[in-house]
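Student: Got protein.cif for you, mmCIF, C-alpha atoms (C1' of nucleotides):
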```cif
data_run
#
loop_
_atom_site.label_atom_id
_atom_site.label_comp_id
_atom_site.auth_asym_id
_atom_site.auth_seq_id
_atom_site.Cartn_x
_atom_site.Cartn_y
_atom_site.Cartn_z
CA MET A 1118 -21.87 23.07 12.65
CA ALA A 1119 -18.60 22.53 10.88
CA THR A 1120 -17.88 23.69 7.40
CA PRO A 1121 -18.28 20.90 4.84
CA ALA A 1122 -14.87 19.33 4.73
CA ASP A 1123 -13.82 20.41 1.26
CA THR A 1124 -15.04 23.99 1.12
CA THR A 1125 -12.42 25.61 3.34
CA PRO A 1126 -9.22 26.81 1.61
CA ALA A 1127 -6.97 24.40 3.50
CA GLY A 1128 -9.44 21.60 2.84
CA GLN A 1129 -9.27 22.31 -0.88
CA ARG A 1130 -5.49 22.28 -0.84
CA ILE A 1131 -5.53 18.98 1.02
CA LEU A 1132 -7.91 17.54 -1.55
CA ASP A 1133 -5.73 18.83 -4.37
CA ALA A 1134 -2.61 17.29 -2.84
CA ALA A 1135 -4.38 14.00 -2.14
CA GLY A 1136 -5.71 13.94 -5.69
CA GLY A 1137 -2.24 14.16 -7.14
CA LEU A 1138 -0.47 11.88 -4.71
CA PHE A 1139 -3.06 9.11 -4.37
CA TYR A 1140 -3.38 8.88 -8.13
CA ARG A 1141 0.32 9.01 -8.94
CA ASP A 1142 1.75 6.83 -6.17
CA GLY A 1143 -1.20 4.80 -4.97
CA ILE A 1144 -3.32 5.20 -1.86
CA ASN A 1145 -1.50 2.86 0.49
CA ALA A 1146 1.90 4.17 -0.55
CA VAL A 1147 1.05 7.76 0.43
CA GLY A 1148 0.94 8.72 4.08
CA VAL A 1149 -1.22 11.43 5.56
CA ALA A 1150 1.90 13.33 6.62
CA LEU A 1151 3.00 13.62 3.00
CA VAL A 1152 -0.45 14.78 1.94
CA ALA A 1153 -0.44 17.41 4.66
CA ASP A 1154 3.09 18.60 3.83
CA THR A 1155 2.31 18.79 0.12
CA ALA A 1156 -0.79 20.82 0.86
CA GLY A 1157 1.23 23.13 3.12
CA VAL A 1158 -0.94 22.14 6.03
CA THR A 1159 -0.65 20.51 9.43
CA LYS A 1160 -1.83 16.96 10.09
CA LYS A 1161 -4.09 18.47 12.70
CA THR A 1162 -5.84 20.50 10.02
CA LEU A 1163 -6.17 17.44 7.83
CA TYR A 1164 -7.82 15.48 10.61
CA ASP A 1165 -9.99 18.45 11.60
CA ARG A 1166 -11.36 18.56 8.04
CA PHE A 1167 -11.55 14.89 7.12
CA GLY A 1168 -11.44 12.87 10.32
CA SER A 1169 -9.54 9.93 8.92
CA LYS A 1170 -7.49 8.81 5.95
CA ASP A 1171 -10.34 6.54 4.86
CA GLU A 1172 -12.67 9.50 4.67
CA LEU A 1173 -10.07 11.49 2.76
CA VAL A 1174 -9.85 8.63 0.27
CA VAL A 1175 -13.61 8.70 -0.20
CA ARG A 1176 -13.52 12.44 -0.81
CA TYR A 1177 -10.66 12.00 -3.25
CA LEU A 1178 -12.67 9.48 -5.27
CA ARG A 1179 -15.84 11.54 -5.12
CA ARG A 1180 -14.09 14.64 -6.38
CA ARG A 1181 -12.35 12.73 -9.13
CA HIS A 1182 -15.74 11.47 -10.26
CA GLU A 1183 -17.37 14.88 -10.11
CA ASP A 1184 -14.56 16.56 -12.00
CA TRP A 1185 -14.52 13.95 -14.72
CA TRP A 1186 -18.28 13.94 -15.00
CA ALA A 1187 -18.42 17.70 -15.44
CA TYR A 1188 -15.72 17.45 -18.08
CA LEU A 1189 -17.66 14.69 -19.83
CA GLU A 1190 -20.93 16.58 -19.91
CA GLU A 1191 -19.15 19.68 -21.14
CA GLY A 1192 -17.74 17.68 -24.03
CA LEU A 1193 -21.08 16.08 -24.77
CA ALA A 1194 -22.84 19.42 -24.84
CA ALA A 1195 -20.45 20.67 -27.50
CA ALA A 1196 -20.31 17.45 -29.53
CA ALA A 1197 -21.93 16.62 -32.83
CA SER A 1198 -23.52 13.27 -33.59
CA PRO A 1199 -22.54 10.52 -32.95
CA ARG A 1200 -22.00 11.61 -29.37
CA THR A 1201 -21.00 8.10 -28.35
CA LEU A 1202 -17.63 8.93 -29.87
CA ALA A 1203 -17.50 12.07 -27.76
CA LEU A 1204 -17.64 9.88 -24.67
CA VAL A 1205 -14.75 7.84 -26.01
CA ASP A 1206 -12.92 11.10 -26.67
CA ALA A 1207 -13.49 12.08 -23.06
CA TYR A 1208 -11.52 8.99 -22.06
CA ILE A 1209 -8.79 9.80 -24.56
CA TRP A 1210 -8.39 13.49 -23.82
CA HIS A 1211 -9.04 13.43 -20.10
CA PRO A 1212 -6.79 16.25 -18.83
CA ARG A 1213 -5.98 14.50 -15.54
CA LEU A 1214 -5.24 11.11 -17.05
CA ASP A 1215 -1.65 10.06 -16.53
CA VAL A 1216 -1.04 7.58 -19.30
CA GLU A 1217 1.40 5.72 -17.03
CA ARG A 1218 -1.18 5.33 -14.28
CA GLY A 1219 -4.41 4.56 -16.10
CA CYS A 1220 -7.78 4.71 -14.37
CA ALA A 1221 -7.79 6.12 -10.84
CA PHE A 1222 -10.88 4.09 -9.95
CA ILE A 1223 -9.58 0.75 -11.16
CA ASN A 1224 -6.33 1.46 -9.34
CA ALA A 1225 -8.12 2.37 -6.14
CA ALA A 1226 -10.27 -0.75 -6.33
CA ALA A 1227 -7.08 -2.80 -6.42
CA GLU A 1228 -5.97 -1.29 -3.12
CA LEU A 1229 -9.05 -0.78 -1.02
CA PRO A 1230 -10.17 -3.58 1.31
CA PRO A 1231 -13.56 -5.26 0.72
CA GLY A 1232 -15.72 -3.13 3.01
CA HIS A 1233 -14.13 0.26 2.33
CA ALA A 1234 -16.59 3.09 1.67
CA GLY A 1235 -14.57 4.14 -1.36
CA ARG A 1236 -15.62 0.98 -3.16
CA ALA A 1237 -19.19 2.20 -3.36
CA VAL A 1238 -17.98 5.43 -4.95
CA ILE A 1239 -16.04 3.44 -7.52
CA ARG A 1240 -18.96 1.18 -8.36
CA GLU A 1241 -21.29 4.12 -8.69
CA HIS A 1242 -18.86 5.98 -10.92
CA LYS A 1243 -18.55 3.08 -13.33
CA ARG A 1244 -22.27 2.44 -13.23
CA SER A 1245 -22.90 6.08 -14.17
CA VAL A 1246 -20.55 5.94 -17.13
CA ARG A 1247 -22.08 2.70 -18.33
CA ALA A 1248 -25.59 4.21 -18.07
CA ARG A 1249 -24.61 7.43 -19.87
CA LEU A 1250 -23.09 5.32 -22.60
CA ALA A 1251 -26.36 3.44 -23.05
CA ASP A 1252 -28.19 6.76 -23.44
CA LEU A 1253 -25.81 7.95 -26.11
CA ILE A 1254 -25.94 4.69 -28.01
CA ALA A 1255 -29.72 4.72 -28.00
CA GLU A 1256 -29.39 8.19 -29.47
CA ASP A 1257 -26.81 7.23 -32.12
CA ALA A 1258 -28.00 3.77 -33.15
CA PRO A 1259 -31.78 3.75 -32.74
CA GLY A 1260 -32.22 0.41 -34.45
CA ALA A 1261 -29.75 -1.65 -32.42
CA ASP A 1262 -30.05 -3.11 -28.96
CA ALA A 1263 -28.65 -0.13 -27.06
CA ASP A 1264 -27.85 -2.02 -23.89
CA ASP A 1265 -25.98 -4.82 -25.62
CA LEU A 1266 -23.99 -2.33 -27.62
CA ALA A 1267 -23.32 -0.19 -24.56
CA GLU A 1268 -21.94 -3.17 -22.68
CA HIS A 1269 -19.75 -3.99 -25.66
CA VAL A 1270 -18.30 -0.50 -25.97
CA PHE A 1271 -17.98 -0.17 -22.20
CA LEU A 1272 -15.86 -3.32 -22.00
CA LEU A 1273 -13.63 -2.03 -24.80
CA LEU A 1274 -13.17 1.28 -23.03
CA GLU A 1275 -12.42 -0.25 -19.68
CA GLY A 1276 -10.02 -2.76 -21.15
CA ALA A 1277 -8.13 0.02 -22.88
CA ILE A 1278 -7.89 2.28 -19.86
CA ALA A 1279 -6.97 -0.59 -17.56
CA HIS A 1280 -4.03 -1.27 -19.85
CA CYS A 1281 -2.91 2.34 -19.81
CA GLY A 1282 -1.38 1.67 -16.42
CA ILE A 1283 0.44 -1.38 -17.78
CA ASP A 1284 1.61 -0.36 -21.24
CA GLY A 1285 1.79 3.36 -20.58
CA GLY A 1286 0.27 4.02 -23.97
CA GLU A 1287 -2.88 5.67 -25.21
CA ALA A 1288 -2.84 3.80 -28.55
CA ARG A 1289 -5.41 1.27 -27.37
CA MET A 1290 -7.92 3.99 -26.60
CA ARG A 1291 -7.73 5.26 -30.14
CA THR A 1292 -8.28 1.71 -31.31
CA VAL A 1293 -11.42 1.67 -29.19
CA ARG A 1294 -12.60 4.80 -30.95
CA ASP A 1295 -12.29 3.11 -34.32
CA LEU A 1296 -13.96 -0.06 -33.12
CA THR A 1297 -16.80 1.92 -31.58
CA ALA A 1298 -17.34 3.85 -34.79
CA ARG A 1299 -17.60 0.56 -36.66
CA LEU A 1300 -19.99 -0.90 -34.10
CA LEU A 1301 -22.25 2.12 -34.52
CA HIS A 1302 -22.53 1.49 -38.28
CA PRO A 1303 -23.02 -2.27 -38.63
CA SER A 1304 -24.20 -1.86 -42.22
CA ALA A 1305 -20.75 -0.90 -43.51
CA ASP A 1306 -18.58 -3.46 -41.74
CA GLY A 1307 -18.81 -6.24 -44.27
CA ALA A 1308 -17.94 -4.04 -47.25
CA ALA A 1309 -14.95 -2.14 -45.88
CA GLU A 1310 -12.66 -5.14 -45.21
CA MET L 1457 25.82 -21.71 -5.30
CA ALA L 1458 22.52 -21.25 -3.56
CA THR L 1459 19.43 -23.19 -4.41
CA PRO L 1460 17.14 -21.24 -6.72
CA ALA L 1461 14.96 -19.31 -4.38
CA ASP L 1462 11.71 -21.16 -4.96
CA THR L 1463 12.85 -24.77 -5.03
CA THR L 1464 13.47 -25.30 -1.34
CA PRO L 1465 10.49 -26.47 0.78
CA ALA L 1466 10.42 -23.34 2.90
CA GLY L 1467 10.79 -21.22 -0.23
CA GLN L 1468 7.75 -22.92 -1.75
CA ARG L 1469 5.69 -22.32 1.36
CA ILE L 1470 6.72 -18.67 1.34
CA LEU L 1471 5.69 -18.37 -2.29
CA ASP L 1472 2.37 -20.06 -1.56
CA ALA L 1473 1.68 -17.71 1.33
CA ALA L 1474 2.71 -14.65 -0.67
CA GLY L 1475 0.53 -15.81 -3.56
CA GLY L 1476 -2.55 -15.90 -1.38
CA LEU L 1477 -1.88 -12.77 0.66
CA PHE L 1478 -0.61 -10.43 -2.07
CA TYR L 1479 -3.55 -11.31 -4.28
CA ARG L 1480 -6.23 -11.11 -1.62
CA ASP L 1481 -5.08 -8.06 0.34
CA GLY L 1482 -2.79 -6.23 -2.05
CA ILE L 1483 0.98 -6.05 -2.10
CA ASN L 1484 1.55 -2.90 -0.09
CA ALA L 1485 -0.98 -3.94 2.54
CA VAL L 1486 0.84 -7.19 3.33
CA GLY L 1487 4.05 -7.09 5.35
CA VAL L 1488 6.88 -9.58 5.05
CA ALA L 1489 6.32 -10.62 8.68
CA LEU L 1490 2.79 -11.75 7.83
CA VAL L 1491 3.99 -13.66 4.80
CA ALA L 1492 6.64 -15.41 6.91
CA ASP L 1493 4.21 -16.25 9.72
CA THR L 1494 1.62 -17.58 7.27
CA ALA L 1495 4.27 -19.76 5.66
CA GLY L 1496 5.37 -20.99 9.08
CA VAL L 1497 8.80 -19.58 8.48
CA THR L 1498 11.16 -17.03 9.97
CA LYS L 1499 11.78 -13.66 8.39
CA LYS L 1500 15.42 -14.70 8.24
CA THR L 1501 14.52 -17.63 6.02
CA LEU L 1502 12.41 -15.39 3.80
CA TYR L 1503 15.29 -12.99 3.31
CA ASP L 1504 17.75 -15.86 2.83
CA ARG L 1505 15.63 -17.15 -0.04
CA PHE L 1506 14.40 -13.95 -1.66
CA GLY L 1507 16.64 -11.13 -0.53
CA SER L 1508 13.97 -8.45 -0.49
CA LYS L 1509 10.25 -7.92 -0.61
CA ASP L 1510 10.58 -6.49 -4.11
CA GLU L 1511 12.19 -9.71 -5.30
CA LEU L 1512 9.47 -11.74 -3.58
CA VAL L 1513 6.88 -9.70 -5.43
CA VAL L 1514 8.59 -10.45 -8.74
CA ARG L 1515 8.60 -14.18 -7.93
CA TYR L 1516 4.96 -13.99 -6.95
CA LEU L 1517 4.03 -12.47 -10.29
CA ARG L 1518 6.21 -14.88 -12.25
CA ARG L 1519 4.69 -17.89 -10.59
CA ARG L 1520 1.19 -16.57 -11.06
CA HIS L 1521 1.92 -16.21 -14.76
CA GLU L 1522 3.48 -19.66 -15.07
CA ASP L 1523 0.64 -21.36 -13.24
CA TRP L 1524 -2.02 -19.63 -15.30
CA TRP L 1525 -0.17 -20.25 -18.53
CA ALA L 1526 0.13 -23.99 -17.82
CA TYR L 1527 -3.58 -24.06 -17.01
CA LEU L 1528 -4.35 -22.21 -20.23
CA GLU L 1529 -2.32 -24.53 -22.43
CA GLU L 1530 -3.85 -27.54 -20.72
CA GLY L 1531 -7.29 -26.23 -21.55
CA LEU L 1532 -6.32 -25.41 -25.13
CA ALA L 1533 -4.88 -28.88 -25.68
CA ALA L 1534 -8.19 -30.45 -24.70
CA ALA L 1535 -10.42 -27.93 -26.49
CA ALA L 1536 -12.35 -28.31 -29.71
CA SER L 1537 -12.60 -25.58 -32.31
CA PRO L 1538 -13.05 -22.65 -31.98
CA ARG L 1539 -10.26 -22.59 -29.44
CA THR L 1540 -10.51 -18.83 -29.07
CA LEU L 1541 -13.49 -19.53 -26.84
CA ALA L 1542 -11.34 -21.92 -24.80
CA LEU L 1543 -9.07 -19.00 -23.97
CA VAL L 1544 -12.08 -17.00 -22.86
CA ASP L 1545 -13.13 -20.00 -20.78
CA ALA L 1546 -9.72 -20.02 -19.16
CA TYR L 1547 -10.46 -16.49 -17.90
CA ILE L 1548 -13.89 -17.56 -16.71
CA TRP L 1549 -12.94 -20.79 -14.98
CA HIS L 1550 -9.54 -19.79 -13.67
CA PRO L 1551 -9.31 -21.78 -10.40
CA ARG L 1552 -7.33 -19.08 -8.57
CA LEU L 1553 -9.49 -16.18 -9.67
CA ASP L 1554 -11.22 -14.50 -6.76
CA VAL L 1555 -14.20 -12.82 -8.33
CA GLU L 1556 -13.96 -10.05 -5.72
CA ARG L 1557 -10.34 -9.32 -6.55
CA GLY L 1558 -10.16 -9.58 -10.32
CA CYS L 1559 -6.88 -9.76 -12.17
CA ALA L 1560 -3.75 -10.11 -10.02
CA PHE L 1561 -1.63 -8.39 -12.67
CA ILE L 1562 -3.85 -5.38 -13.14
CA ASN L 1563 -4.05 -5.04 -9.36
CA ALA L 1564 -0.29 -5.29 -8.97
CA ALA L 1565 0.25 -2.71 -11.70
CA ALA L 1566 -1.90 -0.30 -9.70
CA GLU L 1567 0.41 -0.65 -6.70
CA LEU L 1568 3.93 -1.01 -8.04
CA PRO L 1569 6.03 2.13 -8.58
CA PRO L 1570 7.17 3.03 -12.11
CA GLY L 1571 10.54 1.33 -12.14
CA HIS L 1572 9.63 -1.83 -10.25
CA ALA L 1573 10.89 -5.08 -11.79
CA GLY L 1574 7.45 -6.62 -11.36
CA ARG L 1575 6.08 -4.26 -14.01
CA ALA L 1576 8.09 -6.03 -16.69
CA VAL L 1577 6.60 -9.36 -15.60
CA ILE L 1578 3.12 -7.89 -15.83
CA ARG L 1579 3.69 -6.41 -19.29
CA GLU L 1580 5.17 -9.65 -20.55
CA HIS L 1581 2.27 -11.65 -19.16
CA LYS L 1582 -0.31 -9.54 -20.92
CA ARG L 1583 1.74 -9.46 -24.10
CA SER L 1584 1.86 -13.26 -24.09
CA VAL L 1585 -1.89 -13.58 -23.67
CA ARG L 1586 -2.51 -11.08 -26.43
CA ALA L 1587 -0.12 -12.99 -28.77
CA ARG L 1588 -1.65 -16.38 -27.98
CA LEU L 1589 -5.05 -14.92 -28.67
CA ALA L 1590 -3.90 -13.76 -32.10
CA ASP L 1591 -2.70 -17.30 -32.87
CA LEU L 1592 -6.02 -18.80 -31.93
CA ILE L 1593 -8.02 -16.27 -33.90
CA ALA L 1594 -5.92 -16.86 -36.97
CA GLU L 1595 -6.79 -20.52 -36.47
CA ASP L 1596 -10.51 -19.95 -35.96
CA ALA L 1597 -11.23 -17.13 -38.40
CA PRO L 1598 -8.80 -17.59 -41.30
CA GLY L 1599 -10.48 -14.96 -43.45
CA ALA L 1600 -10.48 -12.09 -40.99
CA ASP L 1601 -7.71 -9.75 -39.92
CA ALA L 1602 -6.45 -11.83 -37.00
CA ASP L 1603 -4.61 -9.05 -35.25
CA ASP L 1604 -7.47 -6.58 -35.39
CA LEU L 1605 -9.84 -9.20 -34.06
CA ALA L 1606 -7.37 -10.28 -31.39
CA GLU L 1607 -7.06 -6.72 -30.15
CA HIS L 1608 -10.83 -6.44 -30.08
CA VAL L 1609 -11.34 -9.62 -28.07
CA PHE L 1610 -8.39 -8.83 -25.82
CA LEU L 1611 -9.88 -5.48 -24.86
CA LEU L 1612 -13.21 -7.12 -24.09
CA LEU L 1613 -11.51 -9.72 -21.89
CA GLU L 1614 -9.41 -7.22 -20.02
CA GLY L 1615 -12.32 -4.88 -19.50
CA ALA L 1616 -14.36 -7.72 -18.04
CA ILE L 1617 -11.68 -8.99 -15.69
CA ALA L 1618 -10.75 -5.49 -14.59
CA HIS L 1619 -14.35 -5.02 -13.52
CA CYS L 1620 -14.38 -8.27 -11.58
CA GLY L 1621 -12.55 -6.46 -8.81
CA ILE L 1622 -15.13 -3.67 -8.86
CA ASP L 1623 -18.47 -5.42 -9.35
CA GLY L 1624 -17.47 -8.74 -7.84
CA GLY L 1625 -19.31 -10.54 -10.59
CA GLU L 1626 -18.32 -12.91 -13.34
CA ALA L 1627 -21.35 -12.08 -15.49
CA ARG L 1628 -19.37 -9.74 -17.72
CA MET L 1629 -16.92 -12.48 -18.63
CA ARG L 1630 -19.74 -14.63 -19.90
CA THR L 1631 -20.94 -11.68 -21.93
CA VAL L 1632 -17.48 -11.52 -23.45
CA ARG L 1633 -17.78 -15.18 -24.43
CA ASP L 1634 -20.97 -14.45 -26.32
CA LEU L 1635 -19.54 -11.36 -27.98
CA THR L 1636 -16.42 -13.25 -28.98
CA ALA L 1637 -18.44 -16.06 -30.50
CA ARG L 1638 -20.34 -13.50 -32.56
CA LEU L 1639 -17.14 -11.77 -33.64
CA LEU L 1640 -15.77 -15.09 -34.87
CA HIS L 1641 -18.81 -15.60 -37.15
CA PRO L 1642 -19.41 -12.21 -38.73
CA SER L 1643 -21.66 -13.77 -41.39
CA ALA L 1644 -24.48 -14.50 -38.95
CA ASP L 1645 -24.58 -11.26 -37.01
CA GLY L 1646 -26.93 -9.36 -39.23
CA ALA L 1647 -29.56 -12.07 -39.31
CA ALA L 1648 -29.82 -12.87 -35.61
CA GLU L 1649 -30.89 -9.43 -34.40
"C1'" DC T 17 -15.93 42.78 23.18
"C1'" DG T 18 -15.77 38.20 23.16
"C1'" DT T 19 -16.60 33.92 21.06
"C1'" DT T 20 -16.11 30.82 17.50
"C1'" DG T 21 -13.78 28.53 13.65
"C1'" DA T 22 -9.72 27.86 11.00
"C1'" DA T 23 -5.39 27.61 11.00
"C1'" DT T 24 -0.47 27.16 12.84
"C1'" DA T 25 3.59 24.58 15.32
"C1'" DT T 26 5.30 20.79 17.78
"C1'" DA T 27 5.42 16.90 20.20
"C1'" DC T 28 3.86 12.55 21.15
"C1'" DC T 29 1.48 7.66 20.92
"C1'" DG T 30 1.71 2.49 19.95
"C1'" DA T 31 2.11 -0.24 15.99
"C1'" DT T 32 4.05 -1.72 12.00
"C1'" DC T 33 7.24 -1.23 8.18
"C1'" DG T 34 11.40 -3.54 5.52
"C1'" DG T 35 15.56 -5.38 6.83
"C1'" DT T 36 19.59 -7.10 9.82
"C1'" DA T 37 22.31 -9.62 13.64
"C1'" DT T 38 23.39 -13.38 16.54
"C1'" DA T 39 23.30 -17.93 18.02
"C1'" DC T 40 21.96 -22.65 17.47
"C1'" DA T 41 20.01 -27.14 15.33
"C1'" DT T 42 19.68 -30.37 11.45
"C1'" DT T 43 20.83 -32.77 7.23
"C1'" DC T 44 23.49 -34.15 3.53
"C1'" DC T 45 27.43 -34.85 0.99
"C1'" DA T 46 32.47 -34.75 -0.32
"C1'" DT M 450 34.72 -36.04 9.67
"C1'" DG M 451 33.47 -31.80 8.78
"C1'" DG M 452 31.88 -27.98 6.39
"C1'" DA M 453 27.95 -26.09 3.53
"C1'" DA M 454 23.21 -25.38 3.15
"C1'" DT M 455 18.72 -25.04 5.30
"C1'" DG M 456 16.34 -24.01 8.81
"C1'" DT M 457 14.64 -22.08 13.79
"C1'" DA M 458 14.29 -18.58 17.48
"C1'" DT M 459 14.74 -14.05 19.08
"C1'" DA M 460 16.05 -9.68 19.35
"C1'" DC M 461 17.01 -5.51 17.34
"C1'" DC M 462 17.38 -1.30 13.92
"C1'" DG M 463 15.68 3.36 12.16
"C1'" DA M 464 11.80 4.87 9.73
"C1'" DT M 465 7.22 5.47 8.92
"C1'" DC M 466 2.40 4.44 9.75
"C1'" DG M 467 -2.44 6.51 11.19
"C1'" DG M 468 -3.96 9.28 14.72
"C1'" DT M 469 -3.98 12.41 19.04
"C1'" DA M 470 -2.73 16.29 22.45
"C1'" DT M 471 -1.53 20.88 23.70
"C1'" DA M 472 -0.94 25.40 23.11
"C1'" DT M 473 -1.12 29.49 20.21
"C1'" DT M 474 -2.44 32.89 16.46
"C1'" DC M 475 -5.61 35.25 13.54
"C1'" DA M 476 -9.79 36.85 11.30
"C1'" DA M 477 -14.71 37.15 11.09
"C1'" DC M 478 -18.92 38.17 13.22
"C1'" DG M 479 -22.93 39.07 16.57
#
```
Once you've parsed the file, please lay out its structure as structure tokens.

Tutor:
Amino acid sequence: MATPADTTPAGQRILDAAGGLFYRDGINAVGVALVADTAGVTKKTLYDRFGSKDELVVRYLRRRHEDWWAYLEEGLAAAASPRTLALVDAYIWHPRLDVERGCAFINAAAELPPGHAGRAVIREHKRSVRARLADLIAEDAPGADADDLAEHVFLLLEGAIAHCGIDGGEARMRTVRDLTARLLHPSADGAAE
Amino acid sequence: MATPADTTPAGQRILDAAGGLFYRDGINAVGVALVADTAGVTKKTLYDRFGSKDELVVRYLRRRHEDWWAYLEEGLAAAASPRTLALVDAYIWHPRLDVERGCAFINAAAELPPGHAGRAVIREHKRSVRARLADLIAEDAPGADADDLAEHVFLLLEGAIAHCGIDGGEARMRTVRDLTARLLHPSADGAAE
DNA sequence: CGTTGAATATACCGATCGGTATACATTCCA
DNA sequence: TGGAATGTATACCGATCGGTATATTCAACG
């Protein structure tokens, strides 16, 4: 049986290279030859490990999700209440977020054809974030309708990160933090302004 | 002097074909030969009219903006107060929105390289929508901070349409309509739930 | 010791990419 | 009447695309 595709050293380097290139330049704009060269690897090795570019794309998305999720949970474990804001902070301070490129998953969804296996990874990633957000909001605002509020905050977050790749600014994400804080404390909104 | 690139019959057909193909399949995934064939035109004619694929992409984005903007203003002219909701409706009922593909501008931004001229068209399009939204909110909610509220609603809208291309559903945009209506009447929010 | 797996290097495949060249037909207008 | 302008048809360009073939090296392991 073959080694799982991303555990071998060359496989890891390929995944690293693909992670940088696919995110920065887009999936369709990056050829497998460039990925292989960047990884210091032969195309043969790339195809031995991943079989096809489509599969490499799926692995790229999966790893991006896993890395971000680990980073999120790490932040949540260390965060004080309200932890909903810690999730927003994870968006803001994401170490692999290029403010000129925005969300890797939204970008990938714009490129991948309808039936591509990567689309399922993208949907599942966003679904997971949305679900985690609902948990945190139930924790932070016990009285409110957690799911309604989660949808509200989720849309704010996704709107802000989608516009990262257009404006190239992170200002909107900090705005989302403020708005989220206000949404978590509905009692104070009428008095403050 | 040459005819402006999009006024000639063949030029229009090229722009129509590009509009459908670039939006549905993505810009990088569609070759100029396919655009020309779909338009029933020679590649020579395409290059006579547009000079390069990059320029064709810019024209595609410009026309998409102009068409949507005309449609928006038409809807606003016929709408009753609060017209902010009419802008949300323009997102929802946009006749050229493919619910599986989401926003053409967000998708294009995911594909175009940093310096591409199309990026300026995209930024300007979104800036225009954001500004129009602020106008309408000032009209509908005279007491509130129009710009804060406009940013809030804008983020909701953009989050929803960005997720069209992921979920393939328009449900989120109707959620945004409800949320926007509530944001416009802050007096009633505490009582209803 | 010999096999197996992971890697290298290089060359190749047909297809498509964006873009150009050449030659010819039509229409309209000064 | 006679060029522009608009268009068609076809062929071509070098480069790159995703993917494959062949042959070789090296280390680990039973």

Student: Set the distance at 12 Å and use all atoms listed in the file: which residues neighbour Phe1167 of chain A once local chain neighbours fewer than 3 positions away are removed? I'd like the list as a list in words.

Tutor: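 Final neighbour list, sorted by chain and number: Ala1119, Thr1120, Pro1121, Ala1122, Asp1123, Thr1124, Thr1125, Ala1127, Gly1128, Gln1129, Ile1131, Leu1132, Ala1135, Val1149, Ala1153, Lys1160, Lys1161, Thr1162, Leu1163, Tyr1164, Lys1170, Asp1171, Glu1172, Leu1173, Val1174, Val1175, Arg1176 and Tyr1177 of chain A.
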
Student: Please identify every residue of chain L that has at least one atom no more than 10 Å from any atom of chain A, counting only C-alpha atoms, and report them as a PyMOL selection string.

Tutor: chain L and resi 1479-1485+1556-1570+1575-1576+1578-1580+1582-1583+1600-1601+1604+1607-1619+1621-1623+1628-1629+1631-1632+1635+1642-1643+1645-1646+1649

Student: I would like the residues chosen by the PyMOL selection byres ((chain M and resi 463-474) around 12) on the shown file; could you give them as a PDB file with C-alpha atoms (C1' of nucleotides), keeping the file's coordinate frame?

Tutor:
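Final output, saved to result-v2.pdb:
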```
ATOM      1  CA  ASN A1145      -1.500   2.860   0.490  1.00  0.00           C
ATOM      2  CA  ALA A1146       1.900   4.170  -0.550  1.00  0.00           C
ATOM      3  CA  VAL A1147       1.050   7.760   0.430  1.00  0.00           C
ATOM      4  CA  GLY A1148       0.940   8.720   4.080  1.00  0.00           C
ATOM      5  CA  VAL A1149      -1.220  11.430   5.560  1.00  0.00           C
ATOM      6  CA  ALA A1150       1.900  13.330   6.620  1.00  0.00           C
ATOM      7  CA  LEU A1151       3.000  13.620   3.000  1.00  0.00           C
ATOM      8  CA  LYS A1160      -1.830  16.960  10.090  1.00  0.00           C
ATOM      9  CA  LYS A1161      -4.090  18.470  12.700  1.00  0.00           C
ATOM     10  CA  LEU A1163      -6.170  17.440   7.830  1.00  0.00           C
ATOM     11  CA  TYR A1164      -7.820  15.480  10.610  1.00  0.00           C
ATOM     12  CA  ASP A1165      -9.990  18.450  11.600  1.00  0.00           C
ATOM     13  CA  GLY A1168     -11.440  12.870  10.320  1.00  0.00           C
ATOM     14  CA  SER A1169      -9.540   9.930   8.920  1.00  0.00           C
ATOM     15  CA  LYS A1170      -7.490   8.810   5.950  1.00  0.00           C
ATOM     16  CA  ASP A1171     -10.340   6.540   4.860  1.00  0.00           C
TER      17      ASP A1171
ATOM     18  CA  ALA L1485      -0.980  -3.940   2.540  1.00  0.00           C
TER      19      ALA L1485
ATOM     20  C1'  DA T  22      -9.720  27.860  11.000  1.00  0.00           C
ATOM     21  C1'  DA T  23      -5.390  27.610  11.000  1.00  0.00           C
ATOM     22  C1'  DT T  24      -0.470  27.160  12.840  1.00  0.00           C
ATOM     23  C1'  DA T  25       3.590  24.580  15.320  1.00  0.00           C
ATOM     24  C1'  DT T  26       5.300  20.790  17.780  1.00  0.00           C
ATOM     25  C1'  DA T  27       5.420  16.900  20.200  1.00  0.00           C
ATOM     26  C1'  DC T  28       3.860  12.550  21.150  1.00  0.00           C
ATOM     27  C1'  DC T  29       1.480   7.660  20.920  1.00  0.00           C
ATOM     28  C1'  DG T  30       1.710   2.490  19.950  1.00  0.00           C
ATOM     29  C1'  DA T  31       2.110  -0.240  15.990  1.00  0.00           C
ATOM     30  C1'  DT T  32       4.050  -1.720  12.000  1.00  0.00           C
ATOM     31  C1'  DC T  33       7.240  -1.230   8.180  1.00  0.00           C
ATOM     32  C1'  DG T  34      11.400  -3.540   5.520  1.00  0.00           C
ATOM     33  C1'  DG T  35      15.560  -5.380   6.830  1.00  0.00           C
ATOM     34  C1'  DT T  36      19.590  -7.100   9.820  1.00  0.00           C
TER      35       DT T  36
ATOM     36  C1'  DC M 461      17.010  -5.510  17.340  1.00  0.00           C
ATOM     37  C1'  DC M 462      17.380  -1.300  13.920  1.00  0.00           C
ATOM     38  C1'  DC M 475      -5.610  35.250  13.540  1.00  0.00           C
ATOM     39  C1'  DA M 476      -9.790  36.850  11.300  1.00  0.00           C
TER      40       DA M 476
END
```
